Amino acid sequence: MAVACKCRQIETTFGITEPESAVARSVEVEAKLGALRELLDERGLSAAVLQGTDGVAWVTGGLTNRIEAGNPASAAWAVVTEGSAHLVTTNVELPRLAAEGALEPFELHGVDWFEPGGFLCAAAELAGAPPELVGGLGAELDDDLVELRLALVPAEQARLAAVAADAARALEDAVRRWTPGELDLDVQARVAEALERSGMFGACLIVGGDDRVERFRHPLAAGRPVHRLLMAVVVAERHGLHAAATRFGSAGPLADSVRSAVRAAAQVERAVLDASRPGTAYGDVLRALAAAYAAAGRPDEWRHHYQGGPVGYRQREFELVPSQADSRWFTLPVAAGTAVAWNPSVGGGGKCEDTYLVTGDGLRRLTDTADWPLADGRPVPLDIATGGAA
């Protein structure tokens with residue numbers, strides 16, 4: 001299909017300073033291109049156009065090119081056919097990606113930033129097929145791509161483990177340094193600074209305290225002093241991969257009502273994590289979550305907050321709740337290599353969230369810094385005075 005548009009291809013040798021990493025990345029990208037081409041063949045499609053930061057980061061082995069943090073629209077689109085792989089970007093980003101992108105085997109193309117429909121025009125031309133045969137243009141491909149990338153390859157698992165560890169350190173250090181009476185915004189700023197210094201940003205960052213934690217599921221920082229109870233939540237992103245964690249700090253022992261809520265949320269978390277085993281359908285995992293809420297005396301509590309799920313190139317690769325038996329995800333089995341970040345919460349101040357890797361030998365908590373009080377192997381609220389469990 002010939003489409004007239006102003007699309008410029010450049011030929012360049014992309015500089016890579018770490019040869020071993022370049023080889024590993026090349027193997028990873030070629031495997032992903034092969035998997036994507038198999039998907040296209042199964043769907044009877046000629047090409048795929050990936051427009052979001054999630055899909056582009058996945059297929060390129062970690063390219064992140066956001067100009068606006070948090071914007072899901074990518075500044076480069078990937079176009080993959082049976083025999084070619086391309087990246088389309090603006091003339092603004094072209095020189096940077098050419099010099100620093102390390103983008104083999106993709107061919108890089110540029111369109112004028114001010115050209116109306118420039119990305120679509122270039123993508124259609126490179127796809128070389130009618131829109132109805134192009135996933136991401138005329139054919140829906142998004143959920144198939146999500147399923148394709150749920151099980152992370154070893155290189156992705158290593159990158160995510162590093163993201164998770166750095167995110168947890170940033171969160172825990174900020175909570176540990178909290179002094180009663182400090183503003184929630186100041187605690188949040190410490191988390192954000194640590195993330196930025198590690199090359200990450202907070203795709204989700206929530207810090208709140210005291211009665212606001214007990215009243216609200218999302219007590220967003222509001223410039224208020226925190227005297228007795230602090231909750232800090234982060235979903236951090238680097239290389240396109242996300243890791244989530246929640247930590248609590250307390251000035252002395254927890255109030256009985258908060259302790260009860262924390263224990264109930266932990267009970268639900270134990271059940272949903274125990275159910276997250278390879279081969280178990282996600283619907284059965286959600287049934288275990290619902291049953292645990294009921295056993296904790298909080299039936300239907302899941303209706304009041306997002307419950308989390310698989311995490312990777314999105315904060316939640318998909319959302320699923322116990323009542324959605326007609327969802328394609330309900331019967332999908334959990335696969336080894338998938339990362340999960342379940343997020344059970346109970347009104348009154350109870351919430352749990354960590355990032356785990358599903359393996360054939362059980363779950364591995366990636367947000368583990370070995371420097372936080374635990375109970376049953378999972379983080380508990382920190383008493384900032386003693387450094388132990390509150």
# chains A, B, ... in the order shown; residues from 1 in each chain; ligands from 1
>>> closest_atom_pairs(of="stretch 31-132 of chain A", to="stretch 139-144 of chain A", cutoff="12 Å", atoms="only C-alpha atoms", output="tab-separated table")
residue	atom	partner	partner_atom	distance
A:Ala35	CA	A:Asp144	CA	11.3
A:Leu36	CA	A:Asp144	CA	9.6
A:Glu38	CA	A:Asp144	CA	11.6
A:Leu39	CA	A:Asp144	CA	8.0
A:Leu40	CA	A:Leu141	CA	9.2
A:Glu42	CA	A:Asp144	CA	10.9
A:Arg43	CA	A:Leu141	CA	9.1
A:Gly44	CA	A:Ala139	CA	10.4
A:Leu45	CA	A:Ala139	CA	8.3
A:Ser46	CA	A:Ala139	CA	10.5
A:Ala47	CA	A:Ala139	CA	9.9
A:Ala48	CA	A:Leu141	CA	8.0
A:Val49	CA	A:Leu141	CA	9.2
A:Leu50	CA	A:Asp142	CA	8.9
A:Gln51	CA	A:Asp142	CA	10.2
A:Gly52	CA	A:Asp142	CA	9.9
A:Asp54	CA	A:Asp142	CA	10.3
A:Gly55	CA	A:Asp142	CA	8.8
A:Ala129	CA	A:Ala139	CA	11.7
A:Pro130	CA	A:Ala139	CA	10.1
A:Pro131	CA	A:Ala139	CA	7.1
A:Glu132	CA	A:Ala139	CA	5.3
>>> write_last_selection(atoms="C-alpha atoms", output="mmCIF file, in the first residue's frame")
data_model
loop_
_atom_site.group_PDB
_atom_site.id
_atom_site.type_symbol
_atom_site.label_atom_id
_atom_site.label_comp_id
_atom_site.auth_asym_id
_atom_site.auth_seq_id
_atom_site.Cartn_x
_atom_site.Cartn_y
_atom_site.Cartn_z
ATOM 1 C CA ALA A 35 6.996 -14.229 19.082
ATOM 2 C CA LEU A 36 5.215 -11.168 17.702
ATOM 3 C CA GLU A 38 4.038 -15.818 15.250
ATOM 4 C CA LEU A 39 1.118 -13.925 16.778
ATOM 5 C CA LEU A 40 0.585 -12.013 13.540
ATOM 6 C CA GLU A 42 -1.970 -16.811 14.013
ATOM 7 C CA ARG A 43 -4.204 -13.760 13.644
ATOM 8 C CA GLY A 44 -3.809 -13.591 9.864
ATOM 9 C CA LEU A 45 -2.280 -10.112 10.074
ATOM 10 C CA SER A 46 0.490 -8.622 7.983
ATOM 11 C CA ALA A 47 1.985 -6.181 10.469
ATOM 12 C CA ALA A 48 1.750 -4.714 13.945
ATOM 13 C CA VAL A 49 2.020 -1.076 14.982
ATOM 14 C CA LEU A 50 2.896 -0.517 18.644
ATOM 15 C CA GLN A 51 2.056 3.034 19.708
ATOM 16 C CA GLY A 52 2.248 2.906 23.514
ATOM 17 C CA ASP A 54 4.417 -0.354 27.118
ATOM 18 C CA GLY A 55 4.563 -2.153 23.782
ATOM 19 C CA ALA A 129 -0.914 -3.565 4.112
ATOM 20 C CA PRO A 130 -4.541 -2.417 4.431
ATOM 21 C CA PRO A 131 -5.449 -1.163 7.916
ATOM 22 C CA GLU A 132 -7.665 -4.177 8.611
#
>>> residues_around(residues="A:Pro253", least_positions_apart="3", cutoff="8 Å", atoms="only C-alpha atoms", output="list in words")
Ser250, Asp383 and Ala390 of chain A
>>> select_by_dssp(residues="stretch 126-176 of chain A", states="strand (DSSP E or B)", output="MDAnalysis selection string")
chainID A and resid 134:135 139 151
>>> atom_distance(atom1="atom CA of A:Pro344", atom2="atom CA of A:Glu172")
19.6 Å
>>> residues_around(residues="A:Gln267", least_positions_apart="6", cutoff="10 Å", atoms="only C-alpha atoms", output="list in words")
Ala261, Leu289, Ala292, Tyr293, Ala295, Ala296, Pro344 and Cys352 of chain A
>>> residues_around(residues="A:Gly308", least_positions_apart="5", cutoff="9 Å", atoms="only C-alpha atoms", output="list in words")
Gln315, Arg316, Phe318, Glu319, Leu320, Val340, Ala341, Trp342, Asn343, Pro344 and Glu353 of chain A
>>> residues_around(residues="A:Ile67", least_positions_apart="3", cutoff="12 Å", atoms="only C-alpha atoms", output="list in words")
Thr53, Thr64, Gly70, Asn71, Pro72, Ala73, Ser74, Ala75, Ala76, Thr90, Val92 and Glu93 of chain A
>>> residues_around(residues="A:Pro180", least_positions_apart="3", cutoff="12 Å", atoms="only C-alpha atoms", output="PDB file with N, CA and C atoms, in the first residue's frame")
ATOM      1  N   VAL A 175      10.401   6.479  54.611  1.00  0.00           N
ATOM      2  CA  VAL A 175       9.557   6.215  55.785  1.00  0.00           C
ATOM      3  C   VAL A 175      10.418   6.180  57.048  1.00  0.00           C
ATOM      4  N   ARG A 176      11.576   5.544  56.967  1.00  0.00           N
ATOM      5  CA  ARG A 176      12.439   5.426  58.147  1.00  0.00           C
ATOM      6  C   ARG A 176      12.908   6.798  58.639  1.00  0.00           C
ATOM      7  N   ARG A 177      13.045   7.749  57.735  1.00  0.00           N
ATOM      8  CA  ARG A 177      13.534   9.090  58.102  1.00  0.00           C
ATOM      9  C   ARG A 177      12.400  10.039  58.494  1.00  0.00           C
ATOM     10  N   LEU A 183       5.606  17.124  57.251  1.00  0.00           N
ATOM     11  CA  LEU A 183       4.557  17.177  56.243  1.00  0.00           C
ATOM     12  C   LEU A 183       4.609  15.955  55.325  1.00  0.00           C
ATOM     13  N   ASP A 184       3.429  15.490  54.924  1.00  0.00           N
ATOM     14  CA  ASP A 184       3.366  14.368  53.987  1.00  0.00           C
ATOM     15  C   ASP A 184       4.087  14.697  52.683  1.00  0.00           C
ATOM     16  N   ASP A 186       6.763  16.434  52.295  1.00  0.00           N
ATOM     17  CA  ASP A 186       8.206  16.306  52.468  1.00  0.00           C
ATOM     18  C   ASP A 186       8.643  14.848  52.406  1.00  0.00           C
ATOM     19  N   VAL A 187       7.850  13.957  52.983  1.00  0.00           N
ATOM     20  CA  VAL A 187       8.146  12.527  52.877  1.00  0.00           C
ATOM     21  C   VAL A 187       8.060  12.098  51.415  1.00  0.00           C
ATOM     22  N   GLY A 209      -1.130  10.370  55.935  1.00  0.00           N
ATOM     23  CA  GLY A 209      -0.933  10.011  57.324  1.00  0.00           C
ATOM     24  C   GLY A 209      -2.154  10.107  58.205  1.00  0.00           C
ATOM     25  N   ASP A 210      -2.006   9.499  59.381  1.00  0.00           N
ATOM     26  CA  ASP A 210      -2.952   9.601  60.484  1.00  0.00           C
ATOM     27  C   ASP A 210      -4.369   9.198  60.067  1.00  0.00           C
ATOM     28  N   ARG A 224      -0.088  18.156  54.773  1.00  0.00           N
ATOM     29  CA  ARG A 224      -0.511  18.062  56.172  1.00  0.00           C
ATOM     30  C   ARG A 224       0.541  17.356  57.018  1.00  0.00           C
ATOM     31  N   PRO A 225       0.673  17.752  58.273  1.00  0.00           N
ATOM     32  CA  PRO A 225       1.633  17.066  59.145  1.00  0.00           C
ATOM     33  C   PRO A 225       1.161  15.651  59.461  1.00  0.00           C
ATOM     34  N   VAL A 226       2.124  14.746  59.594  1.00  0.00           N
ATOM     35  CA  VAL A 226       1.843  13.348  59.934  1.00  0.00           C
ATOM     36  C   VAL A 226       2.446  13.087  61.309  1.00  0.00           C
ATOM     37  N   HIS A 227       1.603  12.737  62.279  1.00  0.00           N
ATOM     38  CA  HIS A 227       2.045  12.631  63.669  1.00  0.00           C
ATOM     39  C   HIS A 227       2.233  11.190  64.143  1.00  0.00           C
ATOM     40  N   ARG A 228       1.336  10.260  63.763  1.00  0.00           N
ATOM     41  CA  ARG A 228       1.387   8.942  64.395  1.00  0.00           C
ATOM     42  C   ARG A 228       1.416   7.777  63.414  1.00  0.00           C
ATOM     43  N   LEU A 229       0.839   7.939  62.207  1.00  0.00           N
ATOM     44  CA  LEU A 229       0.747   6.836  61.254  1.00  0.00           C
ATOM     45  C   LEU A 229       1.037   7.352  59.851  1.00  0.00           C
ATOM     46  N   LEU A 230       1.970   6.703  59.155  1.00  0.00           N
ATOM     47  CA  LEU A 230       2.367   7.110  57.808  1.00  0.00           C
ATOM     48  C   LEU A 230       2.215   5.938  56.852  1.00  0.00           C
ATOM     49  N   GLY A 249       4.760   3.432  58.440  1.00  0.00           N
ATOM     50  CA  GLY A 249       5.555   3.803  59.591  1.00  0.00           C
ATOM     51  C   GLY A 249       4.630   4.218  60.723  1.00  0.00           C
ATOM     52  N   SER A 250       5.051   3.966  61.962  1.00  0.00           N
ATOM     53  CA  SER A 250       4.237   4.310  63.114  1.00  0.00           C
ATOM     54  C   SER A 250       5.106   4.923  64.198  1.00  0.00           C
ATOM     55  N   ALA A 251       4.582   5.956  64.853  1.00  0.00           N
ATOM     56  CA  ALA A 251       5.256   6.556  66.006  1.00  0.00           C
ATOM     57  C   ALA A 251       4.749   5.841  67.250  1.00  0.00           C
ATOM     58  N   GLY A 252       5.367   4.716  67.554  1.00  0.00           N
ATOM     59  CA  GLY A 252       4.905   3.887  68.652  1.00  0.00           C
ATOM     60  C   GLY A 252       3.988   2.779  68.158  1.00  0.00           C
ATOM     61  N   ASP A 383       7.999   0.613  63.501  1.00  0.00           N
ATOM     62  CA  ASP A 383       8.017   1.556  64.618  1.00  0.00           C
ATOM     63  C   ASP A 383       9.296   2.369  64.459  1.00  0.00           C
ATOM     64  N   ILE A 384       9.162   3.640  64.106  1.00  0.00           N
ATOM     65  CA  ILE A 384      10.348   4.422  63.776  1.00  0.00           C
ATOM     66  C   ILE A 384      11.233   4.664  65.002  1.00  0.00           C
ATOM     67  N   ALA A 385      10.707   4.507  66.192  1.00  0.00           N
ATOM     68  CA  ALA A 385      11.500   4.721  67.395  1.00  0.00           C
ATOM     69  C   ALA A 385      12.425   3.540  67.667  1.00  0.00           C
TER      70      ALA A 385
END
>>> residues_around(residues="A:Gly101", least_positions_apart="3", cutoff="8 Å", atoms="only C-alpha atoms", output="short mmCIF file (atom, residue, chain, number, x, y, z; two decimals) with N, CA and C atoms, in the first residue's frame")
data_model
loop_
_atom_site.label_atom_id
_atom_site.label_comp_id
_atom_site.auth_asym_id
_atom_site.auth_seq_id
_atom_site.Cartn_x
_atom_site.Cartn_y
_atom_site.Cartn_z
N PHE A 14 24.57 2.30 15.61
CA PHE A 14 24.22 2.70 16.97
C PHE A 14 25.35 2.30 17.92
N LEU A 63 13.53 0.21 25.69
CA LEU A 63 13.59 1.61 25.27
C LEU A 63 12.48 2.40 25.95
N ARG A 96 18.72 12.11 18.89
CA ARG A 96 19.04 11.47 20.17
C ARG A 96 18.95 9.95 20.07
N LEU A 97 17.86 9.46 19.48
CA LEU A 97 17.70 8.02 19.36
C LEU A 97 18.75 7.42 18.44
N ALA A 98 19.13 8.15 17.40
CA ALA A 98 20.16 7.66 16.51
C ALA A 98 21.50 7.54 17.22
#
>>> closest_residue(among="A:Val146, A:Ala78, A:Ala192, A:Leu120", to="A:Leu205", atoms="only C-alpha atoms")
A:Ala192
>>> atom_distance(atom1="atom CA of A:Leu87", atom2="atom CA of A:Leu108")
4.9 Å
>>> atom_distance(atom1="atom CA of A:Trp77", atom2="atom CA of A:Ala164")
26.8 Å
